[in-house]
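Here is the file run.txt (compact mmCIF, C-alpha atoms).
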```txt
# COMPACT_ATOMS: atom_id res chain seq x y z
CA MET P 1 -7.66 5.68 26.38
CA ASN P 2 -8.66 2.28 25.04
CA HIS P 3 -9.81 -0.44 27.34
CA PRO P 4 -7.21 -3.19 27.71
CA GLY P 5 -7.39 -5.58 24.78
CA THR P 6 -9.76 -3.32 22.82
CA PRO P 7 -8.38 -2.54 19.34
CA ALA P 8 -8.38 0.95 17.92
CA VAL P 9 -10.31 1.65 14.74
CA PRO P 10 -8.14 0.33 11.86
CA PRO P 11 -7.16 2.52 8.91
CA ARG P 12 -9.24 0.44 6.49
CA LEU P 13 -12.55 -1.39 6.80
CA PRO P 14 -12.91 -3.43 3.57
CA VAL P 15 -16.45 -4.52 4.34
CA LEU P 16 -17.67 -0.93 3.94
CA ASP P 17 -16.36 -0.89 0.37
CA GLY P 18 -18.85 -3.65 -0.32
CA VAL P 19 -21.64 -1.68 1.36
CA ARG P 20 -20.84 1.20 -0.94
CA GLY P 21 -21.01 -1.18 -3.88
CA ILE P 22 -24.50 -2.25 -2.85
CA ALA P 23 -25.58 1.38 -2.47
CA ILE P 24 -24.42 2.37 -5.96
CA LEU P 25 -26.11 -0.66 -7.52
CA LEU P 26 -29.37 0.29 -5.83
CA VAL P 27 -29.19 3.88 -7.06
CA VAL P 28 -28.08 3.19 -10.63
CA THR P 29 -30.66 0.49 -11.29
CA HIS P 30 -33.34 2.72 -9.74
CA ASN P 31 -32.56 5.58 -12.11
CA LEU P 32 -32.36 3.34 -15.18
CA ASN P 33 -35.81 1.82 -14.70
CA LEU P 34 -38.05 2.45 -17.72
CA LEU P 35 -40.90 0.11 -16.83
CA THR P 36 -43.37 2.47 -15.17
CA ASP P 37 -46.62 0.58 -15.88
CA PRO P 38 -45.85 -3.08 -15.22
CA SER P 39 -48.22 -5.88 -16.05
CA GLY P 40 -47.91 -9.34 -14.57
CA LEU P 41 -46.59 -10.44 -11.22
CA ALA P 42 -42.92 -10.70 -12.25
CA SER P 43 -42.90 -7.21 -13.73
CA ARG P 44 -44.59 -5.71 -10.70
CA LEU P 45 -42.10 -7.35 -8.34
CA VAL P 46 -39.10 -6.17 -10.37
CA VAL P 47 -40.40 -2.63 -10.64
CA ALA P 48 -41.26 -2.54 -6.93
CA GLY P 49 -37.66 -3.48 -6.18
CA LEU P 50 -36.21 -0.93 -8.59
CA GLU P 51 -38.44 1.81 -7.23
CA ARG P 52 -36.97 1.21 -3.75
CA GLY P 53 -33.49 1.81 -5.11
CA TRP P 54 -33.65 5.33 -3.67
CA LEU P 55 -32.78 3.66 -0.35
CA GLY P 56 -29.24 3.56 -1.70
CA VAL P 57 -29.07 7.34 -1.31
CA GLN P 58 -30.04 7.03 2.35
CA LEU P 59 -27.39 4.35 2.79
CA PHE P 60 -24.81 6.63 1.16
CA PHE P 61 -25.71 9.42 3.57
CA VAL P 62 -25.25 7.12 6.56
CA LEU P 63 -21.92 5.89 5.18
CA SER P 64 -20.80 9.46 4.59
CA GLY P 65 -21.66 10.50 8.13
CA PHE P 66 -19.79 7.47 9.45
CA LEU P 67 -16.65 7.91 7.36
CA ILE P 68 -16.38 11.70 7.54
CA THR P 69 -16.95 11.82 11.28
CA GLY P 70 -14.35 9.09 11.74
CA ILE P 71 -11.85 11.01 9.62
CA LEU P 72 -12.42 14.19 11.60
CA ILE P 73 -12.01 12.46 14.97
CA ASP P 74 -8.94 10.49 13.93
CA SER P 75 -7.17 13.48 12.37
CA ARG P 76 -7.41 15.82 15.35
CA ASP P 77 -3.77 15.33 16.27
CA GLU P 78 -2.55 15.84 12.72
CA PRO P 79 -1.00 19.18 11.68
CA ARG P 80 -3.54 21.45 9.97
CA PRO P 81 -6.46 19.00 10.22
CA TYR P 82 -9.00 21.38 8.66
CA SER P 83 -6.90 22.27 5.64
CA GLN P 84 -6.07 18.59 5.15
CA PHE P 85 -9.73 17.65 5.32
CA PHE P 86 -11.00 20.33 2.93
CA THR P 87 -8.16 19.80 0.46
CA SER P 88 -8.80 16.06 0.46
CA ARG P 89 -12.53 16.51 -0.10
CA ALA P 90 -11.96 19.05 -2.88
CA LEU P 91 -9.57 16.78 -4.75
CA ARG P 92 -11.99 13.86 -4.39
CA ILE P 93 -15.21 15.63 -5.38
CA LEU P 94 -14.61 18.76 -7.45
CA PRO P 95 -12.63 17.67 -10.55
CA LEU P 96 -15.20 15.19 -11.85
CA TYR P 97 -18.12 17.30 -10.64
CA TYR P 98 -17.06 20.48 -12.42
CA GLY P 99 -15.72 18.51 -15.37
CA THR P 100 -19.20 17.09 -15.86
CA LEU P 101 -20.77 20.55 -15.61
CA LEU P 102 -18.31 21.84 -18.21
CA VAL P 103 -19.17 19.07 -20.63
CA VAL P 104 -22.94 19.24 -20.11
CA PHE P 105 -23.32 23.03 -20.15
CA GLY P 106 -20.26 24.06 -22.15
CA LEU P 107 -19.25 21.45 -24.71
CA LEU P 108 -22.53 19.71 -25.56
CA PRO P 109 -24.45 22.91 -26.44
CA LEU P 110 -21.70 23.75 -28.93
CA LEU P 111 -22.41 20.39 -30.57
CA HIS P 112 -26.18 21.01 -30.41
CA LEU P 113 -26.57 18.16 -27.95
CA GLY P 114 -28.03 17.92 -24.49
CA ALA P 115 -30.85 19.82 -22.89
CA ALA P 116 -31.15 23.50 -22.02
CA ALA P 117 -31.38 24.72 -18.44
CA THR P 118 -32.14 28.05 -16.83
CA PRO P 119 -29.32 30.21 -15.42
CA LEU P 120 -30.74 29.58 -11.95
CA THR P 121 -30.39 25.83 -12.38
CA ILE P 122 -26.85 26.11 -13.75
CA GLY P 123 -25.85 28.52 -10.99
CA SER P 124 -27.31 26.32 -8.27
CA LEU P 125 -25.39 23.34 -9.62
CA ALA P 126 -22.15 25.33 -9.76
CA LEU P 127 -22.58 26.44 -6.13
CA PHE P 128 -23.76 23.06 -4.77
CA LEU P 129 -27.19 24.49 -3.98
CA SER P 130 -29.30 22.52 -6.43
CA ASN P 131 -31.12 20.66 -3.65
CA TRP P 132 -32.72 23.96 -2.59
CA VAL P 133 -33.75 24.97 -6.13
CA GLN P 134 -34.61 21.77 -7.97
CA PRO P 135 -37.81 20.90 -6.04
CA PHE P 136 -39.38 24.09 -7.41
CA GLN P 137 -38.11 23.62 -10.97
CA PRO P 138 -38.79 19.94 -11.67
CA GLY P 139 -37.51 18.69 -14.98
CA ASP P 140 -35.26 21.66 -15.69
CA SER P 141 -31.93 20.07 -14.75
CA PRO P 142 -30.17 17.52 -16.96
CA LEU P 143 -28.32 16.48 -13.78
CA PRO P 144 -31.17 15.99 -11.31
CA HIS P 145 -29.21 13.50 -9.20
CA PHE P 146 -26.65 16.14 -8.23
CA TRP P 147 -28.96 17.28 -5.43
CA SER P 148 -27.46 14.64 -3.12
CA LEU P 149 -23.94 15.85 -3.85
CA ALA P 150 -25.10 19.33 -2.81
CA VAL P 151 -26.35 17.90 0.51
CA GLU P 152 -23.00 16.19 1.00
CA GLU P 153 -20.97 19.29 0.22
CA GLN P 154 -22.99 21.41 2.65
CA PHE P 155 -22.38 18.72 5.27
CA TYR P 156 -18.63 18.80 4.59
CA LEU P 157 -18.51 22.56 5.04
CA LEU P 158 -20.29 22.66 8.41
CA TRP P 159 -19.61 19.36 10.16
CA PRO P 160 -15.87 19.83 10.94
CA PHE P 161 -16.61 22.99 12.92
CA ALA P 162 -19.62 21.46 14.68
CA LEU P 163 -17.40 18.67 16.04
CA ARG P 164 -14.61 20.93 17.21
CA GLY P 165 -13.57 20.17 20.78
CA LEU P 166 -16.19 17.47 21.33
CA SER P 167 -15.40 14.08 22.80
CA PRO P 168 -16.91 10.97 21.19
CA ARG P 169 -19.61 11.05 23.86
CA GLY P 170 -20.31 14.69 23.06
CA ILE P 171 -20.48 13.90 19.35
CA VAL P 172 -23.08 11.21 20.01
CA ARG P 173 -25.18 13.78 21.87
CA LEU P 174 -24.76 16.32 19.06
CA CYS P 175 -25.75 13.71 16.49
CA ALA P 176 -28.89 12.90 18.48
CA ALA P 177 -29.83 16.58 18.51
CA VAL P 178 -29.15 16.96 14.78
CA SER P 179 -31.21 13.87 14.05
CA LEU P 180 -34.15 15.26 16.00
CA ALA P 181 -33.75 18.58 14.15
CA GLY P 182 -33.93 16.72 10.84
CA GLN P 183 -37.14 14.99 11.86
CA ALA P 184 -38.61 18.28 13.07
CA GLY P 185 -37.60 19.98 9.82
CA ARG P 186 -39.44 17.41 7.77
CA GLY P 187 -42.50 17.74 9.96
CA LEU P 188 -42.45 21.51 9.60
CA LEU P 189 -42.14 21.43 5.80
CA ILE P 190 -44.89 18.84 5.51
CA GLY P 191 -47.10 20.97 7.76
CA LEU P 192 -46.42 24.00 5.55
CA ALA P 193 -47.43 21.96 2.47
CA PHE P 194 -44.01 22.02 0.80
CA PRO P 195 -43.76 19.63 -2.16
CA PRO P 196 -42.56 16.11 -1.35
CA ALA P 197 -39.47 16.72 -3.49
CA ALA P 198 -38.43 19.50 -1.11
CA VAL P 199 -38.81 17.20 1.89
CA TYR P 200 -36.73 14.67 -0.03
CA GLN P 201 -33.93 17.03 -1.07
CA PHE P 202 -33.59 19.84 1.48
CA SER P 203 -30.45 19.36 3.55
CA ILE P 204 -32.15 19.78 6.91
CA CYS P 205 -34.53 16.96 6.02
CA ARG P 206 -31.73 14.46 5.42
CA MET P 207 -29.50 15.38 8.34
CA ASP P 208 -30.65 12.48 10.50
CA ALA P 209 -29.04 9.97 8.12
CA LEU P 210 -25.72 11.81 8.20
CA ALA P 211 -25.99 12.33 11.97
CA CYS P 212 -26.80 8.68 12.69
CA GLY P 213 -23.77 7.65 10.66
CA GLY P 214 -21.72 10.16 12.62
CA ALA P 215 -22.99 8.79 15.91
CA ALA P 216 -21.97 5.28 14.84
CA ALA P 217 -18.44 6.53 14.09
CA ALA P 218 -18.24 8.27 17.47
CA LEU P 219 -19.44 5.13 19.30
CA LEU P 220 -16.67 3.18 17.62
CA ARG P 221 -14.16 5.66 19.06
CA TRP P 222 -15.70 5.75 22.54
CA PRO P 223 -13.64 3.02 24.28
CA ALA P 224 -16.37 1.75 26.61
CA ALA P 225 -18.92 1.60 23.79
CA ARG P 226 -16.43 0.04 21.38
CA ALA P 227 -15.54 -2.71 23.85
CA TRP P 228 -19.24 -3.56 24.23
CA LEU P 229 -19.96 -3.42 20.50
CA LEU P 230 -17.02 -5.58 19.45
CA GLN P 231 -18.47 -8.43 21.47
CA ARG P 232 -21.90 -8.18 19.81
CA PRO P 233 -21.60 -7.27 16.10
CA LEU P 234 -24.14 -9.85 14.96
CA GLN P 235 -26.67 -8.74 17.57
CA VAL P 236 -26.25 -5.10 16.48
CA LEU P 237 -26.67 -6.14 12.84
CA LEU P 238 -29.91 -7.97 13.63
CA ILE P 239 -31.21 -4.98 15.58
CA GLY P 240 -30.48 -2.70 12.62
CA ALA P 241 -32.12 -5.09 10.17
CA ALA P 242 -35.17 -5.38 12.43
CA ILE P 243 -35.52 -1.58 12.55
CA VAL P 244 -35.31 -1.35 8.74
CA LEU P 245 -37.89 -4.12 8.30
CA ALA P 246 -40.22 -2.62 10.88
CA GLY P 247 -40.04 0.69 9.04
CA ALA P 248 -40.82 -1.06 5.78
CA ALA P 249 -43.89 -2.65 7.32
CA ALA P 250 -45.09 0.69 8.68
CA CYS P 251 -44.34 2.69 5.51
CA ASN P 252 -45.74 0.54 2.71
CA GLY P 253 -42.32 -0.79 1.84
CA TYR P 254 -40.74 2.69 1.82
CA THR P 255 -42.72 4.11 -1.07
CA GLN P 256 -40.55 7.08 -1.99
CA TYR P 257 -42.77 10.13 -1.51
CA GLN P 258 -45.38 8.67 0.83
CA LEU P 259 -46.07 10.68 4.00
CA THR P 260 -45.17 7.87 6.40
CA THR P 261 -41.90 7.28 4.54
CA GLN P 262 -40.92 10.93 4.73
CA THR P 263 -41.59 11.01 8.46
CA ALA P 264 -41.07 7.72 10.28
CA GLY P 265 -39.48 5.96 7.30
CA TYR P 266 -36.45 8.24 6.99
CA THR P 267 -35.86 7.90 10.72
CA ALA P 268 -36.09 4.11 10.67
CA LEU P 269 -33.71 3.90 7.74
CA SER P 270 -31.23 6.29 9.36
CA ILE P 271 -31.10 4.37 12.64
CA GLY P 272 -31.28 0.93 11.05
CA PHE P 273 -28.62 1.58 8.42
CA ALA P 274 -26.35 3.20 11.02
CA ALA P 275 -26.63 0.11 13.23
CA ILE P 276 -25.89 -2.15 10.25
CA VAL P 277 -22.84 -0.09 9.22
CA LEU P 278 -21.62 -0.08 12.82
CA ALA P 279 -22.06 -3.85 13.10
CA LEU P 280 -20.19 -4.46 9.85
CA ALA P 281 -17.36 -2.18 10.94
CA CYS P 282 -17.10 -4.15 14.19
CA ALA P 283 -17.10 -7.39 12.21
CA ASP P 284 -13.98 -6.18 10.38
CA MET P 285 -12.28 -5.18 13.64
CA THR P 286 -12.37 -8.54 15.37
CA ALA P 287 -9.25 -10.71 15.47
CA THR P 288 -10.90 -13.06 12.98
CA PRO P 289 -13.21 -11.14 10.61
CA ALA P 290 -16.74 -12.47 10.85
CA ARG P 291 -17.64 -14.97 8.15
CA TRP P 292 -21.19 -13.68 7.85
CA ALA P 293 -19.79 -10.41 6.47
CA ALA P 294 -17.58 -12.16 3.90
CA PRO P 295 -19.87 -11.53 0.88
CA LEU P 296 -19.40 -7.79 1.35
CA ARG P 297 -15.63 -8.24 1.06
CA SER P 298 -15.89 -9.84 -2.38
CA ALA P 299 -13.57 -8.27 -4.96
CA TRP P 300 -16.26 -7.53 -7.55
CA LEU P 301 -18.54 -5.75 -5.07
CA ARG P 302 -15.69 -3.69 -3.65
CA ARG P 303 -14.75 -2.72 -7.22
CA PHE P 304 -18.22 -1.23 -7.65
CA GLY P 305 -17.55 0.65 -4.42
CA LEU P 306 -14.24 1.93 -5.78
CA TYR P 307 -15.89 3.42 -8.85
CA SER P 308 -19.11 4.46 -7.11
CA TYR P 309 -18.54 8.21 -7.23
CA ALA P 310 -17.89 8.28 -10.98
CA MET P 311 -20.73 5.83 -11.58
CA TYR P 312 -23.08 8.08 -9.66
CA VAL P 313 -22.01 11.24 -11.48
CA LEU P 314 -22.04 9.72 -14.97
CA HIS P 315 -24.93 7.26 -15.06
CA VAL P 316 -27.70 9.84 -15.41
CA PRO P 317 -26.12 11.87 -18.25
CA LEU P 318 -25.25 8.62 -20.03
CA HIS P 319 -28.86 7.53 -19.60
CA GLY P 320 -30.25 10.82 -20.91
CA LEU P 321 -27.78 11.48 -23.71
CA VAL P 322 -27.09 7.95 -24.98
CA GLY P 323 -29.41 5.35 -23.50
CA LEU P 324 -32.79 6.99 -24.01
CA PRO P 325 -32.07 8.22 -27.57
CA LEU P 326 -31.06 4.68 -28.53
CA MET P 327 -34.18 3.22 -26.97
CA GLN P 328 -36.31 5.80 -28.76
CA SER P 329 -34.68 5.00 -32.10
CA TRP P 330 -35.58 1.36 -31.54
CA GLY P 331 -39.13 2.19 -30.48
CA TRP P 332 -38.56 1.12 -26.86
CA ALA P 333 -38.53 4.45 -25.06
CA LYS P 334 -41.16 3.11 -22.64
CA PRO P 335 -41.01 -0.68 -22.95
CA ALA P 336 -44.16 -2.51 -21.96
CA ASP P 337 -42.41 -5.84 -21.45
CA LEU P 338 -40.08 -6.87 -18.67
CA ALA P 339 -37.35 -8.37 -20.88
CA PRO P 340 -36.23 -5.20 -22.75
CA ALA P 341 -36.58 -3.09 -19.61
CA ALA P 342 -34.47 -5.51 -17.56
CA ALA P 343 -31.91 -5.77 -20.35
CA TYR P 344 -31.63 -1.98 -20.45
CA VAL P 345 -31.04 -1.81 -16.69
CA ALA P 346 -28.39 -4.54 -16.85
CA ILE P 347 -26.56 -3.07 -19.85
CA GLY P 348 -26.85 0.47 -18.49
CA THR P 349 -25.35 -0.64 -15.18
CA LEU P 350 -22.42 -2.31 -16.92
CA VAL P 351 -21.85 0.75 -19.12
CA SER P 352 -21.94 2.97 -16.03
CA PHE P 353 -19.40 0.68 -14.37
CA ALA P 354 -17.11 0.87 -17.39
CA ALA P 355 -17.45 4.65 -17.52
CA GLY P 356 -16.71 4.84 -13.81
CA ALA P 357 -13.60 2.70 -14.21
CA LEU P 358 -12.31 4.84 -17.08
CA SER P 359 -13.03 8.03 -15.18
CA TYR P 360 -11.27 6.77 -12.06
CA HIS P 361 -8.14 5.45 -13.73
CA LEU P 362 -7.73 8.02 -16.51
CA PHE P 363 -8.92 11.19 -14.77
CA GLU P 364 -9.66 11.10 -11.06
CA VAL P 365 -6.54 9.25 -9.95
CA HIS P 366 -4.33 12.13 -11.07
CA PHE P 367 -6.08 14.46 -8.62
CA LEU P 368 -6.09 11.86 -5.87
CA ARG P 369 -2.30 11.63 -6.13
CA LEU P 370 -2.10 15.34 -5.39
CA LYS P 371 -3.33 14.63 -1.87
CA HIS P 372 0.10 13.32 -0.93
CA ARG P 373 1.94 16.20 -2.58
CA LEU P 374 -0.27 18.78 -0.89
CA GLY P 375 -0.20 17.06 2.49
CA ALA P 376 -3.93 16.35 2.37
CA THR P 377 -3.62 12.76 3.55
CA ARG P 378 -2.79 11.33 6.93
CA SER P 379 0.08 8.96 7.47
CA THR P 380 -2.47 6.14 7.51
CA PRO P 381 -5.60 6.52 5.43
CA PRO P 382 -8.93 6.71 7.21
CA ALA P 383 -11.46 3.94 6.88
CA GLY P 384 -12.71 3.82 3.33
CA ALA P 385 -10.38 6.59 2.15
CA THR P 386 -9.02 4.54 -0.72
CA THR P 387 -12.45 4.20 -2.25
CA THR P 388 -14.74 6.77 -3.69
CA ARG P 389 -17.58 8.34 -1.79
CA VAL P 390 -20.94 9.32 -3.17
CA ALA P 391 -24.48 9.94 -2.28
```

Is it possible to express this structure as structure tokens?
Amino acid sequence: MNHPGTPAVPPRLPVLDGVRGIAILLVVTHNLNLLTDPSGLASRLVVAGLERGWLGVQLFFVLSGFLITGILIDSRDEPRPYSQFFTSRALRILPLYYGTLLVVFGLLPLLHLGAAATPLTIGSLALFLSNWVQPFQPGDSPLPHFWSLAVEEQFYLLWPFALRGLSPRGIVRLCAAVSLAGQAGRGLLIGLAFPPAAVYQFSICRMDALACGGAAAALLRWPAARAWLLQRPLQVLLIGAAIVLAGAAACNGYTQYQLTTQTAGYTALSIGFAAIVLALACADMTATPARWAAPLRSAWLRRFGLYSYAMYVLHVPLHGLVGLPLMQSWGWAKPADLAPAAAYVAIGTLVSFAAGALSYHLFEVHFLRLKHRLGATRSTPPAGATTTRVA
């Protein structure tokens, strides 16, 4: 039961749409960076920022853990909660995912376009197992970013059953255990001299981000904890930001494959981002939404969040099949100057946004409408359900 005067979690938290928009901008600009050998202070600063764009993936994982755990808790009293959940996830993820595979590995080879891949790579992509294969076949996949979607799908398949019968307090304890297991898994792989890409992509190594997001969702549905949190959203936000900044100081600014980043850094990001997401959710649950969170509710940023899944899926193939060939034809495949590199990132981001919008409105929305026909949606949508989800 809720404490008197303590609101339940609302069906929609608009501020998280803006968080998703920030995450997709970080990831897309990171993957579009062509300036690998910067010269001059401005170039070095820009490249340093773009190289940290991988933090958007970690933020997506935390968001996913938060939203999916919230959906699973809130839908327990619904008829057929498991079938509703899996049908909803399938209609959200699979059409565009497999449509992209069909184009890249079916249509483009017929047109003598695209890049070849081994049967193992294609099979691992089809089965959402690429994150276990790709670290040992670097450069073979034309869709290298799909590893994070594989992590997400494996999470979707296991997490509903792990939460079965657990109270919010029990879920918090489970999430703590899973987070510790993720840290131990990374330590074990590093000790066994696995490549850094394996530590980056193996599911067990990224479970603490998903688990910390799940713990935040459970805390928001634990009445005593929610009552305490709703009175202190700004304090929780500052604590989360302090954890992220402390991790940056300890891990050379979260250099992607550095040892300290893959150990303490992932943990700091998981806890810090979870605290920030939790604080922002609380800011949207107060009687008067907090003004300091207003920028994340801006229409343009939430629109990026709406198209984030399609943007994530499409930006890398667009980069490889269209962007790079154009740059090569103009003699700018590896620009040495900041201006053309920055222009490419900006134009590529806008093109990815346009492609995401077209995909959402002309393709994905038809499958999303099937959720209602198939009974895969609740009477009130879960937080963030009207926007896309990606990692």

For stretch 200-215 of chain P, list every protein, DNA or RNA residue within 7 Å, evaluated using all atoms listed in the file, and leave out those in the same chain fewer than 3 positions away; present the list as a ChimeraX atom specification.
-> /P:58,61-66,69,131-132,147,151,171-172,175,178-179,182-183,185-186,196-197,218-219,267,270-271,274

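Shortest atom-to-atom contact with P:Leu338 among P:Gly191, P:Pro38, P:Gly56, P:Gly320: P:Pro38, counting all atoms listed in the file.
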
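For the atom pair formed by atom CA of P:Thr87 and atom CA of P:Val103, the distance is 23.8 Å, given to one decimal.
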
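Using only C-alpha atoms, the smallest distance between any of P:Leu374, P:Leu125, P:Ala293, P:Val244 and P:Val15 comes from P:Ala293.
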
Considering all atoms listed in the file, state which residue in the set P:Leu245, P:Ala198, P:Asp77, P:Arg169 is at the smallest distance from P:Ser130.
-> P:Ala198

Proximity to P:Gly18 - best of P:Arg44, P:Arg232, P:Arg302, P:Arg373, only C-alpha atoms =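 Looking at the shortest contact to P:Gly18, the residue is P:Arg302.
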
Proximity to P:Pro168 - best of P:Val351, P:Ala268, P:Val9, P:Ala225, all atoms listed in the file |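 Among the listed residues, the smallest separation from P:Pro168 belongs to P:Ala225.
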
One decimal place gives the atom CA of P:Ala241-atom CA of P:Gly253 separation as 13.9 Å

Could you tell me how far atom CA of P:Leu16 lies from atom CA of P:Leu129, in Å and to one decimal?
->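 About the pair atom CA of P:Leu16 and atom CA of P:Leu129: they are 28.3 Å apart.
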
Which residue of P:Ile68, P:Ala294, P:Leu189, P:Val313 approaches P:Leu149 most closely, using all atoms listed in the file |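 The answer is P:Val313, which sits nearest to P:Leu149.
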
Any chance you could work out the axis-aligned box around stretch 162-170 of chain P, listed atoms only, 6 Å on each side, giving centre and edge lengths in Å to one decimal, as lines of an AutoDock Vina configuration file?
```
center_x = -16.9
center_y = 16.2
center_z = 19.3
size_x = 18.7
size_y = 22.5
size_z = 21.2
```

May I have the protein, DNA and RNA residues with any atom at most 9 Å from the point (-39.0, 5.8, 7.8), counting all atoms listed in the file, written as an NGL selection string?
-> :P and (244 or 247-248 or 250-251 or 254 or 260-270)

Close residues, P:Ala341 itself excluded, 9 Å, only C-alpha atoms, min 4 positions apart in chain, as a list in words | Leu32, Asn33, Leu34, Leu35, Trp332, Lys334, Pro335, Ala336, Asp337, Val345 and Ala346 of chain P

Within-7 Å shell of (-17.2, 12.8, -16.2) in input frame, all atoms listed in the file, as an NGL selection string | :P and (96 or 99-100 or 310 or 313-314 or 359)

Write only N, CA, C and O atoms for stretch 344-360 of chain P from the block just shown, as a PDB file, in the first residue's frame.
```pdb
ATOM      1  N   TYR P 344      30.294  16.525 -41.025  1.00  0.00           N
ATOM      2  CA  TYR P 344      29.822  15.170 -41.306  1.00  0.00           C
ATOM      3  C   TYR P 344      29.009  14.634 -40.129  1.00  0.00           C
ATOM      4  O   TYR P 344      27.951  14.011 -40.326  1.00  0.00           O
ATOM      5  N   VAL P 345      29.476  14.860 -38.921  1.00  0.00           N
ATOM      6  CA  VAL P 345      28.736  14.397 -37.736  1.00  0.00           C
ATOM      7  C   VAL P 345      27.369  15.072 -37.674  1.00  0.00           C
ATOM      8  O   VAL P 345      26.347  14.407 -37.429  1.00  0.00           O
ATOM      9  N   ALA P 346      27.330  16.381 -37.904  1.00  0.00           N
ATOM     10  CA  ALA P 346      26.059  17.104 -37.827  1.00  0.00           C
ATOM     11  C   ALA P 346      25.088  16.643 -38.904  1.00  0.00           C
ATOM     12  O   ALA P 346      23.909  16.354 -38.626  1.00  0.00           O
ATOM     13  N   ILE P 347      25.566  16.550 -40.146  1.00  0.00           N
ATOM     14  CA  ILE P 347      24.688  16.128 -41.244  1.00  0.00           C
ATOM     15  C   ILE P 347      24.262  14.673 -41.063  1.00  0.00           C
ATOM     16  O   ILE P 347      23.096  14.320 -41.270  1.00  0.00           O
ATOM     17  N   GLY P 348      25.217  13.826 -40.654  1.00  0.00           N
ATOM     18  CA  GLY P 348      24.887  12.423 -40.434  1.00  0.00           C
ATOM     19  C   GLY P 348      23.852  12.234 -39.344  1.00  0.00           C
ATOM     20  O   GLY P 348      22.967  11.367 -39.450  1.00  0.00           O
ATOM     21  N   THR P 349      23.920  13.059 -38.301  1.00  0.00           N
ATOM     22  CA  THR P 349      22.928  12.973 -37.220  1.00  0.00           C
ATOM     23  C   THR P 349      21.553  13.377 -37.722  1.00  0.00           C
ATOM     24  O   THR P 349      20.542  12.729 -37.409  1.00  0.00           O
ATOM     25  N   LEU P 350      21.489  14.445 -38.516  1.00  0.00           N
ATOM     26  CA  LEU P 350      20.210  14.893 -39.058  1.00  0.00           C
ATOM     27  C   LEU P 350      19.635  13.861 -40.034  1.00  0.00           C
ATOM     28  O   LEU P 350      18.415  13.620 -40.045  1.00  0.00           O
ATOM     29  N   VAL P 351      20.484  13.271 -40.847  1.00  0.00           N
ATOM     30  CA  VAL P 351      20.018  12.222 -41.771  1.00  0.00           C
ATOM     31  C   VAL P 351      19.505  11.020 -40.989  1.00  0.00           C
ATOM     32  O   VAL P 351      18.467  10.427 -41.334  1.00  0.00           O
ATOM     33  N   SER P 352      20.205  10.649 -39.929  1.00  0.00           N
ATOM     34  CA  SER P 352      19.754   9.541 -39.090  1.00  0.00           C
ATOM     35  C   SER P 352      18.413   9.851 -38.443  1.00  0.00           C
ATOM     36  O   SER P 352      17.545   8.978 -38.327  1.00  0.00           O
ATOM     37  N   PHE P 353      18.239  11.109 -38.023  1.00  0.00           N
ATOM     38  CA  PHE P 353      16.956  11.526 -37.448  1.00  0.00           C
ATOM     39  C   PHE P 353      15.838  11.415 -38.481  1.00  0.00           C
ATOM     40  O   PHE P 353      14.748  10.909 -38.189  1.00  0.00           O
ATOM     41  N   ALA P 354      16.107  11.878 -39.698  1.00  0.00           N
ATOM     42  CA  ALA P 354      15.098  11.807 -40.752  1.00  0.00           C
ATOM     43  C   ALA P 354      14.764  10.354 -41.083  1.00  0.00           C
ATOM     44  O   ALA P 354      13.584   9.999 -41.258  1.00  0.00           O
ATOM     45  N   ALA P 355      15.784   9.518 -41.155  1.00  0.00           N
ATOM     46  CA  ALA P 355      15.547   8.101 -41.428  1.00  0.00           C
ATOM     47  C   ALA P 355      14.752   7.464 -40.302  1.00  0.00           C
ATOM     48  O   ALA P 355      13.859   6.636 -40.536  1.00  0.00           O
ATOM     49  N   GLY P 356      15.069   7.844 -39.067  1.00  0.00           N
ATOM     50  CA  GLY P 356      14.324   7.318 -37.930  1.00  0.00           C
ATOM     51  C   GLY P 356      12.870   7.738 -37.958  1.00  0.00           C
ATOM     52  O   GLY P 356      11.976   6.945 -37.648  1.00  0.00           O
ATOM     53  N   ALA P 357      12.621   8.998 -38.331  1.00  0.00           N
ATOM     54  CA  ALA P 357      11.240   9.481 -38.409  1.00  0.00           C
ATOM     55  C   ALA P 357      10.461   8.744 -39.485  1.00  0.00           C
ATOM     56  O   ALA P 357       9.310   8.323 -39.277  1.00  0.00           O
ATOM     57  N   LEU P 358      11.074   8.562 -40.654  1.00  0.00           N
ATOM     58  CA  LEU P 358      10.403   7.823 -41.732  1.00  0.00           C
ATOM     59  C   LEU P 358      10.133   6.385 -41.330  1.00  0.00           C
ATOM     60  O   LEU P 358       9.049   5.839 -41.583  1.00  0.00           O
ATOM     61  N   SER P 359      11.119   5.755 -40.706  1.00  0.00           N
ATOM     62  CA  SER P 359      10.940   4.374 -40.273  1.00  0.00           C
ATOM     63  C   SER P 359       9.809   4.260 -39.264  1.00  0.00           C
ATOM     64  O   SER P 359       8.960   3.356 -39.358  1.00  0.00           O
ATOM     65  N   TYR P 360       9.781   5.181 -38.315  1.00  0.00           N
ATOM     66  CA  TYR P 360       8.751   5.112 -37.269  1.00  0.00           C
ATOM     67  C   TYR P 360       7.359   5.293 -37.849  1.00  0.00           C
ATOM     68  O   TYR P 360       6.447   4.509 -37.565  1.00  0.00           O
TER      69      TYR P 360
END
```
